[in-house]
$ cat model34.cif   # mmCIF, C-alpha atoms and all ligand atoms
data_query
#
loop_
_atom_site.label_atom_id
_atom_site.label_comp_id
_atom_site.auth_asym_id
_atom_site.auth_seq_id
_atom_site.Cartn_x
_atom_site.Cartn_y
_atom_site.Cartn_z
CA MET A 1 -1.74 26.30 28.76
CA MET A 2 -3.49 23.71 30.90
CA ARG A 3 -1.55 20.51 31.67
CA SER A 4 -2.81 17.01 32.17
CA LYS A 5 -1.70 14.87 35.07
CA ILE A 6 -1.82 11.19 35.85
CA ALA A 7 -4.41 11.02 38.62
CA GLY A 8 -4.34 7.26 39.14
CA ILE A 9 -2.49 4.22 37.88
CA GLY A 10 -2.96 0.49 38.19
CA TYR A 11 -1.92 -2.82 36.75
CA TYR A 12 -3.00 -6.42 36.57
CA VAL A 13 -0.97 -9.51 35.79
CA PRO A 14 -2.60 -12.92 35.58
CA GLU A 15 -1.94 -15.46 38.28
CA ARG A 16 -0.13 -18.15 36.32
CA VAL A 17 3.65 -17.82 36.46
CA VAL A 18 5.61 -19.55 33.69
CA SER A 19 9.33 -20.11 34.21
CA ASN A 20 12.04 -20.53 31.60
CA ASP A 21 12.27 -24.17 32.64
CA ASP A 22 8.54 -24.55 31.93
CA LEU A 23 9.15 -23.32 28.39
CA SER A 24 12.11 -25.64 27.92
CA GLN A 25 9.66 -28.52 28.42
CA VAL A 26 7.91 -27.64 25.15
CA MET A 27 10.69 -26.16 22.98
CA GLU A 28 14.45 -26.25 22.67
CA THR A 29 15.52 -23.45 24.93
CA SER A 30 17.09 -23.05 28.34
CA ASP A 31 16.92 -20.89 31.42
CA GLU A 32 20.57 -19.98 30.83
CA TRP A 33 19.98 -18.78 27.23
CA ILE A 34 16.91 -16.74 28.13
CA GLN A 35 18.42 -15.10 31.21
CA GLU A 36 21.74 -14.36 29.55
CA ARG A 37 20.19 -12.77 26.42
CA THR A 38 17.14 -11.05 27.94
CA GLY A 39 17.26 -11.06 31.76
CA ILE A 40 13.84 -12.77 31.85
CA GLN A 41 13.23 -15.36 34.57
CA THR A 42 9.45 -15.69 34.52
CA ARG A 43 6.39 -14.30 32.74
CA HIS A 44 2.65 -14.51 33.50
CA TYR A 45 0.06 -16.10 31.22
CA GLY A 46 -3.65 -15.35 31.32
CA LYS A 47 -6.20 -18.07 31.89
CA LYS A 48 -7.19 -19.41 28.48
CA HIS A 49 -10.87 -18.86 27.63
CA GLU A 50 -11.45 -17.00 30.89
CA GLU A 51 -9.24 -13.97 30.55
CA THR A 52 -8.68 -11.73 27.54
CA THR A 53 -6.74 -8.61 26.69
CA SER A 54 -9.80 -6.44 27.34
CA SER A 55 -10.79 -8.20 30.57
CA MET A 56 -7.28 -7.75 31.94
CA GLY A 57 -7.38 -4.12 30.79
CA ALA A 58 -10.61 -3.65 32.73
CA LYS A 59 -9.02 -5.02 35.90
CA ALA A 60 -6.12 -2.57 35.65
CA ALA A 61 -8.56 0.22 34.79
CA ARG A 62 -10.61 -0.36 37.94
CA VAL A 63 -7.49 0.04 40.09
CA ALA A 64 -6.51 3.24 38.26
CA CYS A 65 -10.04 4.66 38.68
CA GLU A 66 -10.06 3.89 42.39
CA ARG A 67 -6.72 5.59 42.89
CA ALA A 68 -7.87 8.59 40.88
CA GLY A 69 -10.92 8.77 43.13
CA ILE A 70 -13.41 8.32 40.31
CA ALA A 71 -16.02 5.72 39.43
CA PRO A 72 -15.71 4.07 35.99
CA GLU A 73 -18.95 5.92 35.10
CA GLU A 74 -16.99 9.17 35.21
CA ILE A 75 -14.66 8.16 32.36
CA ASP A 76 -15.18 10.40 29.32
CA PHE A 77 -12.92 8.68 26.86
CA ILE A 78 -11.00 5.41 26.50
CA ILE A 79 -7.76 4.85 24.64
CA PHE A 80 -6.71 1.22 24.41
CA ALA A 81 -3.28 0.16 23.16
CA THR A 82 -2.64 -3.47 22.25
CA LEU A 83 -1.19 -5.71 19.57
CA SER A 84 -3.06 -8.78 20.82
CA PRO A 85 -6.70 -7.71 20.62
CA ASP A 86 -9.57 -10.03 21.54
CA TYR A 87 -11.00 -9.66 18.03
CA TYR A 88 -9.67 -8.60 14.65
CA PHE A 89 -12.45 -6.02 14.98
CA PRO A 90 -14.07 -4.35 16.88
CA GLY A 91 -11.23 -3.18 19.06
CA CYS A 92 -10.58 -3.76 22.73
CA GLY A 93 -11.66 -0.23 23.70
CA VAL A 94 -15.36 -1.00 23.29
CA LEU A 95 -15.00 -4.49 24.75
CA MET A 96 -13.39 -3.07 27.87
CA GLN A 97 -16.06 -0.37 28.02
CA ARG A 98 -18.65 -3.16 28.14
CA GLU A 99 -16.62 -5.04 30.75
CA LEU A 100 -16.53 -1.89 32.89
CA GLY A 101 -20.30 -1.56 32.55
CA ILE A 102 -20.21 2.00 31.27
CA THR A 103 -22.04 1.55 27.98
CA HIS A 104 -24.93 3.71 29.15
CA LYS A 105 -22.69 6.74 29.21
CA GLU A 106 -21.50 8.88 26.30
CA VAL A 107 -18.03 7.47 26.17
CA GLY A 108 -15.75 7.44 23.13
CA ALA A 109 -13.31 4.58 22.67
CA LEU A 110 -10.20 4.58 20.50
CA ASP A 111 -7.90 1.65 19.80
CA ILE A 112 -4.36 2.32 18.85
CA ARG A 113 -1.93 -0.06 17.26
CA ASN A 114 1.54 1.04 18.12
CA GLN A 115 2.82 -2.11 19.74
CA CYS A 116 5.58 -1.52 22.32
CA SER A 117 5.27 2.25 22.17
CA GLY A 118 1.46 2.00 22.25
CA PHE A 119 1.03 3.21 25.81
CA VAL A 120 3.24 6.28 25.37
CA TYR A 121 1.43 7.13 22.14
CA ALA A 122 -1.91 6.65 23.91
CA LEU A 123 -0.79 8.86 26.78
CA SER A 124 0.18 11.58 24.34
CA ILE A 125 -3.22 11.46 22.62
CA ALA A 126 -4.96 11.59 26.00
CA ASP A 127 -2.75 14.53 26.97
CA GLN A 128 -3.95 16.51 23.93
CA PHE A 129 -7.62 15.82 24.74
CA VAL A 130 -7.23 16.89 28.37
CA LYS A 131 -5.05 19.95 27.66
CA THR A 132 -7.56 21.33 25.21
CA GLY A 133 -10.35 20.90 27.74
CA MET A 134 -12.24 18.34 25.64
CA TYR A 135 -12.26 15.60 28.29
CA LYS A 136 -11.78 15.50 32.06
CA ASN A 137 -11.20 11.81 32.75
CA VAL A 138 -9.41 9.89 30.04
CA LEU A 139 -8.66 6.23 30.65
CA VAL A 140 -5.48 5.02 28.96
CA VAL A 141 -4.85 1.29 28.90
CA GLY A 142 -2.07 -0.91 27.55
CA ALA A 143 -2.83 -4.63 27.69
CA GLU A 144 -1.71 -7.85 26.02
CA MET A 145 -2.64 -11.50 26.06
CA HIS A 146 0.34 -12.64 24.02
CA SER A 147 0.19 -16.21 25.26
CA MET A 148 -2.79 -16.95 23.00
CA GLY A 149 -0.86 -16.15 19.81
CA LEU A 150 2.68 -17.40 20.22
CA ASP A 151 4.41 -20.32 18.53
CA PHE A 152 5.26 -22.76 21.32
CA SER A 153 7.35 -24.98 19.06
CA THR A 154 11.13 -24.54 18.72
CA ARG A 155 10.52 -22.64 15.46
CA GLY A 156 9.08 -19.73 17.44
CA ARG A 157 11.48 -19.73 20.39
CA ASN A 158 13.28 -16.46 19.55
CA VAL A 159 9.99 -14.58 19.95
CA THR A 160 7.93 -16.73 22.32
CA VAL A 161 10.30 -16.80 25.30
CA ILE A 162 10.31 -13.02 25.47
CA PHE A 163 6.63 -12.20 25.79
CA GLY A 164 4.22 -12.21 28.71
CA ASP A 165 0.65 -11.15 29.48
CA GLY A 166 -0.60 -8.24 31.57
CA ALA A 167 -2.29 -4.87 31.63
CA GLY A 168 -1.64 -1.38 32.91
CA ALA A 169 -3.85 1.69 33.09
CA ALA A 170 -3.81 5.39 33.88
CA ILE A 171 -6.44 8.08 34.37
CA LEU A 172 -5.53 11.47 32.96
CA GLN A 173 -7.16 14.57 34.35
CA PRO A 174 -6.54 18.31 34.09
CA SER A 175 -3.81 19.41 36.50
CA GLU A 176 -4.64 22.23 38.90
CA ASP A 177 -0.93 22.99 39.27
CA PRO A 178 0.59 24.32 36.02
CA ASN A 179 4.01 22.98 36.99
CA ARG A 180 2.79 19.43 37.48
CA GLY A 181 1.75 16.86 34.94
CA ILE A 182 2.86 15.81 31.48
CA LEU A 183 5.57 18.23 30.37
CA THR A 184 6.08 16.84 26.89
CA THR A 185 5.64 13.77 24.71
CA LYS A 186 7.69 12.86 21.63
CA LEU A 187 6.38 10.43 19.05
CA HIS A 188 8.24 8.96 16.08
CA SER A 189 7.89 6.29 13.45
CA ASP A 190 9.69 4.83 10.45
CA GLY A 191 7.88 2.17 8.43
CA THR A 192 10.92 1.24 6.36
CA TYR A 193 11.49 -1.86 8.44
CA ALA A 194 7.85 -2.71 9.18
CA GLU A 195 8.32 -6.44 8.57
CA LYS A 196 11.38 -6.83 10.82
CA LEU A 197 9.09 -7.21 13.82
CA ALA A 198 5.60 -8.05 12.70
CA PHE A 199 2.54 -10.25 12.90
CA ILE A 200 1.52 -10.25 9.25
CA ASN A 201 -1.20 -12.86 8.81
CA PRO A 202 -4.13 -12.75 8.79
CA GLY A 203 -4.11 -9.50 6.86
CA ALA A 204 -5.39 -7.83 3.72
CA HIS A 205 -1.96 -7.51 2.11
CA GLY A 206 -2.53 -10.36 -0.35
CA GLY A 207 1.20 -10.62 -0.91
CA TYR A 208 1.53 -6.90 -1.71
CA HIS A 209 4.61 -6.45 0.42
CA GLN A 210 6.00 -9.90 -0.13
CA HIS A 211 6.26 -12.68 -2.66
CA ARG A 212 3.18 -12.74 -4.89
CA LEU A 213 2.02 -16.21 -5.72
CA GLU A 214 1.93 -17.54 -9.26
CA GLU A 215 -1.37 -19.05 -10.37
CA GLY A 216 -0.08 -22.61 -9.87
CA GLU A 217 1.07 -21.79 -6.38
CA ARG A 218 -2.28 -20.16 -5.62
CA GLN A 219 -4.03 -23.40 -6.43
CA GLU A 220 -1.53 -25.47 -4.52
CA TYR A 221 -1.78 -23.30 -1.42
CA GLY A 222 -5.55 -22.99 -1.48
CA TYR A 223 -5.97 -19.33 -2.53
CA PRO A 224 -8.78 -18.43 -4.94
CA PRO A 225 -7.59 -17.49 -8.48
CA ALA A 226 -6.00 -14.02 -8.67
CA ASP A 227 -8.60 -12.67 -11.12
CA THR A 228 -11.59 -13.42 -8.85
CA PHE A 229 -12.99 -11.26 -6.08
CA GLY A 230 -11.77 -11.77 -2.56
CA GLU A 231 -8.87 -13.57 -0.98
CA ILE A 232 -8.53 -15.80 2.01
CA PHE A 233 -6.71 -14.48 5.04
CA ILE A 234 -5.38 -17.78 6.29
CA THR A 235 -4.40 -20.34 3.67
CA PRO A 236 -3.34 -23.95 4.11
CA HIS A 237 0.16 -22.78 3.07
CA MET A 238 0.27 -20.27 5.93
CA MET A 239 -1.03 -22.91 8.31
CA ALA A 240 1.57 -25.44 7.19
CA ASN A 241 4.40 -22.93 7.53
CA GLY A 242 3.38 -21.30 10.78
CA GLN A 243 2.93 -17.94 9.04
CA TYR A 244 0.32 -16.82 11.53
CA TYR A 245 2.73 -16.03 14.33
CA PRO A 246 4.81 -12.96 15.10
CA ASN A 247 8.27 -12.81 13.55
CA MET A 248 11.28 -10.79 14.63
CA GLU A 249 14.81 -10.16 13.41
CA GLY A 250 16.08 -9.82 16.94
CA GLN A 251 19.55 -8.43 16.35
CA PHE A 252 18.33 -5.81 13.89
CA VAL A 253 15.60 -4.69 16.30
CA PHE A 254 18.08 -4.63 19.18
CA LYS A 255 20.47 -2.31 17.29
CA MET A 256 17.68 0.10 16.38
CA ALA A 257 16.32 0.07 19.94
CA VAL A 258 19.59 1.03 21.61
CA GLN A 259 19.91 3.95 19.21
CA LYS A 260 16.33 5.25 19.41
CA PHE A 261 15.77 4.99 23.17
CA PRO A 262 18.47 7.52 24.18
CA GLU A 263 17.68 9.72 21.17
CA VAL A 264 14.01 10.18 22.00
CA ILE A 265 14.73 10.68 25.72
CA HIS A 266 17.31 13.40 24.98
CA GLU A 267 14.85 15.04 22.59
CA ALA A 268 12.21 15.32 25.31
CA LEU A 269 14.72 16.52 27.91
CA LYS A 270 16.03 19.19 25.55
CA GLU A 271 12.58 20.54 24.87
CA ALA A 272 11.81 20.72 28.59
CA GLY A 273 15.18 22.39 29.31
CA LEU A 274 16.26 19.48 31.51
CA GLU A 275 19.20 17.10 31.77
CA ALA A 276 19.32 13.32 32.06
CA SER A 277 20.59 13.78 35.62
CA ASP A 278 17.28 15.51 36.48
CA ILE A 279 15.37 12.26 35.90
CA ASN A 280 14.22 10.71 39.18
CA MET A 281 12.75 7.63 37.54
CA LEU A 282 13.18 6.29 34.03
CA ILE A 283 10.56 3.74 33.01
CA PRO A 284 11.84 2.11 29.85
CA HIS A 285 9.63 -0.25 27.87
CA GLN A 286 10.71 -3.69 29.06
CA ALA A 287 12.01 -5.13 25.78
CA ASN A 288 15.22 -6.68 27.02
CA LEU A 289 17.17 -6.08 30.23
CA ARG A 290 20.33 -5.61 28.13
CA ILE A 291 18.65 -2.78 26.21
CA SER A 292 17.53 -1.06 29.42
CA GLN A 293 21.02 -1.40 30.91
CA PHE A 294 22.54 0.07 27.76
CA VAL A 295 20.17 3.05 27.90
CA GLN A 296 20.93 3.53 31.59
CA ARG A 297 24.66 3.65 30.87
CA GLN A 298 24.18 6.06 27.97
CA LEU A 299 22.21 8.43 30.20
CA ARG A 300 24.60 7.90 33.15
CA LEU A 301 21.75 7.00 35.49
CA ARG A 302 22.15 5.12 38.76
CA ASP A 303 20.31 1.85 39.37
CA ASP A 304 17.79 3.61 41.61
CA GLN A 305 16.82 5.93 38.73
CA VAL A 306 15.61 3.11 36.45
CA TRP A 307 12.79 0.62 36.99
CA ASN A 308 13.15 -2.84 35.48
CA ASN A 309 10.74 -5.71 35.96
CA ILE A 310 11.26 -7.70 32.76
CA GLN A 311 12.86 -10.36 34.98
CA ARG A 312 9.40 -11.21 36.36
CA TYR A 313 7.00 -10.32 33.56
CA GLY A 314 8.92 -10.62 30.29
CA ASN A 315 8.00 -8.15 27.57
CA THR A 316 4.33 -7.22 27.90
CA THR A 317 4.46 -4.81 24.95
CA ALA A 318 1.82 -2.05 25.39
CA ALA A 319 1.37 -3.04 29.03
CA SER A 320 5.02 -2.90 30.01
CA VAL A 321 5.35 0.85 30.62
CA PRO A 322 2.19 1.25 32.75
CA ILE A 323 2.94 -1.94 34.74
CA ALA A 324 6.47 -0.74 35.49
CA LEU A 325 5.25 2.79 36.26
CA THR A 326 2.66 1.49 38.71
CA GLU A 327 5.13 -0.84 40.38
CA ALA A 328 7.68 1.94 40.84
CA TRP A 329 4.99 4.20 42.27
CA GLU A 330 3.67 1.48 44.59
CA ALA A 331 7.22 0.89 45.81
CA GLY A 332 7.42 4.56 46.82
CA LYS A 333 10.06 5.32 44.20
CA ILE A 334 7.99 8.05 42.56
CA LYS A 335 7.01 10.98 44.75
CA GLU A 336 5.25 14.24 44.17
CA GLY A 337 7.49 16.63 42.27
CA ASP A 338 9.68 13.87 40.81
CA LEU A 339 10.62 13.91 37.14
CA VAL A 340 9.49 10.67 35.53
CA CYS A 341 10.55 9.71 32.04
CA LEU A 342 8.74 7.06 29.99
CA ALA A 343 10.35 5.72 26.83
CA ALA A 344 9.53 2.97 24.37
CA PHE A 345 10.60 1.47 21.08
CA GLY A 346 9.07 -1.32 19.05
CA SER A 347 7.46 -2.71 15.95
CA GLY A 348 6.69 -0.25 13.19
CA PHE A 349 9.23 0.93 13.98
CA THR A 350 7.65 3.38 16.38
CA TRP A 351 9.30 4.99 19.37
CA ALA A 352 8.25 7.59 21.89
CA SER A 353 9.00 9.32 25.18
CA ALA A 354 7.12 11.30 27.80
CA LEU A 355 8.32 13.54 30.62
CA ILE A 356 6.06 13.88 33.62
CA ARG A 357 6.43 16.14 36.65
CA TRP A 358 4.65 13.90 39.15
O1 LIG B 401 9.76 -5.04 22.42
C1 LIG B 401 9.91 -4.78 21.07
C2 LIG B 401 11.29 -4.63 20.69
N1 LIG B 401 11.99 -5.89 20.75
C3 LIG B 401 13.24 -5.91 21.07
O2 LIG B 401 13.76 -4.86 21.38
C4 LIG B 401 14.00 -7.21 21.00
C5 LIG B 401 15.38 -6.94 20.55
N2 LIG B 401 16.18 -8.16 20.35
C6 LIG B 401 16.55 -8.95 21.35
O3 LIG B 401 16.23 -8.71 22.49
C7 LIG B 401 17.47 -10.11 21.03
O4 LIG B 401 17.84 -10.04 19.68
C8 LIG B 401 16.83 -11.49 21.30
C9 LIG B 401 16.75 -11.71 22.80
C10 LIG B 401 15.47 -11.58 20.69
C11 LIG B 401 17.68 -12.61 20.72
O5 LIG B 401 19.00 -12.56 21.21
P1 LIG B 401 20.23 -12.61 20.20
O6 LIG B 401 21.43 -12.59 21.02
O7 LIG B 401 20.06 -11.48 19.21
O8 LIG B 401 20.06 -14.02 19.52
P2 LIG B 401 19.88 -14.41 17.98
O9 LIG B 401 18.49 -14.13 17.54
O10 LIG B 401 20.99 -13.81 17.19
O11 LIG B 401 20.08 -15.96 18.05
C12 LIG B 401 21.32 -16.53 18.47
C13 LIG B 401 21.17 -18.05 18.51
C14 LIG B 401 20.58 -18.63 17.23
O12 LIG B 401 21.20 -19.89 17.01
P3 LIG B 401 22.43 -20.05 15.99
O13 LIG B 401 21.88 -19.61 14.66
O14 LIG B 401 23.50 -19.15 16.49
O15 LIG B 401 22.73 -21.49 16.08
C15 LIG B 401 19.15 -18.84 17.57
O16 LIG B 401 18.56 -19.89 16.82
O17 LIG B 401 20.27 -18.41 19.56
C16 LIG B 401 19.24 -19.24 19.01
N3 LIG B 401 18.02 -18.98 19.75
C17 LIG B 401 17.70 -19.60 20.90
N4 LIG B 401 18.32 -20.55 21.60
C18 LIG B 401 17.73 -20.97 22.73
C19 LIG B 401 17.05 -18.06 19.46
N5 LIG B 401 16.11 -18.11 20.42
C20 LIG B 401 16.48 -19.03 21.30
C21 LIG B 401 15.92 -19.52 22.50
N6 LIG B 401 16.58 -20.48 23.17
N7 LIG B 401 14.77 -19.04 22.99
#

$ encode --input "model34.cif" --output "structure tokens"
Amino acid sequence: MMRSKIAGIGYYVPERVVSNDDLSQVMETSDEWIQERTGIQTRHYGKKHEETTSSMGAKAARVACERAGIAPEEIDFIIFATLSPDYYFPGCGVLMQRELGITHKEVGALDIRNQCSGFVYALSIADQFVKTGMYKNVLVVGAEMHSMGLDFSTRGRNVTVIFGDGAGAAILQPSEDPNRGILTTKLHSDGTYAEKLAFINPGAHGGYHQHRLEEGERQEYGYPPADTFGEIFITPHMMANGQYYPNMEGQFVFKMAVQKFPEVIHEALKEAGLEASDINMLIPHQANLRISQFVQRQLRLRDDQVWNNIQRYGNTTAASVPIALTEAWEAGKIKEGDLVCLAAFGSGFTWASALIRW
């Protein structure tokens, strides 16, 4: 069976650095609280109206292409993972394609919505396309411009302080060496707790999963009557109550994360006939430094076997794994023949891992 390999990786983070003290100017929070609970010191925010999720994705993609030794024109297929797309639709895949100037070519673009595990899911899909011989150069991107959609009042502080903007990209190609490349990917989901970490409005749910409004309430909140066609996505009630921001039950998510991360890593290792001690570099999704440290302890890994950069970038969701992977590689911590493990957990819940023989 043919394997796919990562032929080039790259990342982009916007210039503007936002410290915890900067955030404490606009909401009730503190550097001490944020660092103690999450490890985060700074995050980067994109330039409003000038940068977007897809434009940042394109910047990371160009670096990955260059390192893979290909021109963007050679890309056969795009997979774009994000939870903060430029538009409700169409997705960022086609927008980034346009940004890369490769619309003249027969390129397919797929957007995937798997939040923090988005990049690992995307990598797995790309792996299947390459392994089967369908495509030769698949561009996988994870990018987020969270800063445009966060609640910067004290009401939103439990979510807002965590997230940052950025993008990461990889080019997948067939591997000439059967022992090198993606050894396995493991993907999981459980929608039972979908609303525990979610960005619900605007959406077409119409109260399906939640409290359904009585007729009187519908009038009061500015919805059309229930027995008419159509509904409005954003109502005055949602506006007044800030129901157009992400919400998270942090402690619940934390408990699930520390259980699922080691589980899905062990699953991949078992399938590949390897042990945790064989891992040269673990790239965990940067959700919380405490979560990564917990996973490290569980797997009995040394500090030099795990890459953490949440301190500088916060949680960049779909971008966090490829940014961390690129940084570790740039720092010379990933060499040919090394076993690299990617792992992620997030909203859905979805969680995933990948083992790569570099
Ligand atoms: O990437 C996707 C997956 N996401 C995760 O894995 C995140 C998992 N969860 C976490 O990382 C943590 O739960 C958080 C960092 C989000 C929160 O830490 P926590 O220790 O679970 O805090 P908490 O939500 O239980 O809140 C504790 C207190 C509350 O005050 P009271 O009720 O005890 O008075 C919050 O209102 O801290 C308060 N609080 C804050 N205080 C200052 C919440 N956010 C902040 C804040 N600054 N930013």

$ closest_residue --input "model34.cif" --among "A:Ser124, A:Ser353, A:Ile162, A:Thr52" --to "Gln35 (chain A)" --atoms "all atoms listed in the file"
A:Ile162

$ residues_near_point --input "model34.cif" --point "(11.7, 0.2, 25.7)" --cutoff "6 Å" --atoms "all atoms listed in the file" --output "PDB file with C-alpha atoms, keeping the file's coordinate frame"
ATOM      1  CA  PRO A 284      11.840   2.110  29.850  1.00  0.00           C
ATOM      2  CA  HIS A 285       9.630  -0.250  27.870  1.00  0.00           C
ATOM      3  CA  GLN A 286      10.710  -3.690  29.060  1.00  0.00           C
ATOM      4  CA  ALA A 287      12.010  -5.130  25.780  1.00  0.00           C
ATOM      5  CA  ALA A 343      10.350   5.720  26.830  1.00  0.00           C
ATOM      6  CA  ALA A 344       9.530   2.970  24.370  1.00  0.00           C
ATOM      7  CA  PHE A 345      10.600   1.470  21.080  1.00  0.00           C
TER       8      PHE A 345
END

$ atom_distance --input "model34.cif" --atom1 "CA of Ser175 (chain A)" --atom2 "CA of Glu336 (chain A)"
12.9 Å

$ closest_atom_pairs --input "model34.cif" --of "chain A" --to "ligand LIG 401 (chain B)" --cutoff "6 Å" --atoms "all atoms listed in the file" --output "Markdown table"
| residue | atom | partner | partner_atom | distance |
| --- | --- | --- | --- | --- |
| A:Thr29 | CA | B:LIG401 | N6 | 3.6 |
| A:Ser30 | CA | B:LIG401 | N6 | 5.8 |
| A:Trp33 | CA | B:LIG401 | C18 | 5.5 |
| A:Arg37 | CA | B:LIG401 | C9 | 5.1 |
| A:Thr38 | CA | B:LIG401 | C9 | 5.2 |
| A:Cys116 | CA | B:LIG401 | O1 | 5.5 |
| A:Arg157 | CA | B:LIG401 | N7 | 4.2 |
| A:Asn158 | CA | B:LIG401 | N5 | 3.4 |
| A:Val161 | CA | B:LIG401 | N7 | 5.5 |
| A:Gly250 | CA | B:LIG401 | O4 | 3.3 |
| A:Gln251 | CA | B:LIG401 | O4 | 4.1 |
| A:Val253 | CA | B:LIG401 | C5 | 4.8 |
| A:Phe254 | CA | B:LIG401 | C5 | 3.8 |
| A:Ala257 | CA | B:LIG401 | O2 | 5.7 |
| A:Ala287 | CA | B:LIG401 | O1 | 4.0 |
| A:Asn288 | CA | B:LIG401 | O3 | 5.1 |
| A:Thr317 | CA | B:LIG401 | O1 | 5.9 |
| A:Gly346 | CA | B:LIG401 | C1 | 4.1 |

$ atom_distance --input "model34.cif" --atom1 "CA of Gly133 (chain A)" --atom2 "CA of Glu176 (chain A)"
12.6 Å

$ atom_distance --input "model34.cif" --atom1 "CA of Glu231 (chain A)" --atom2 "CA of Phe89 (chain A)"
18.0 Å
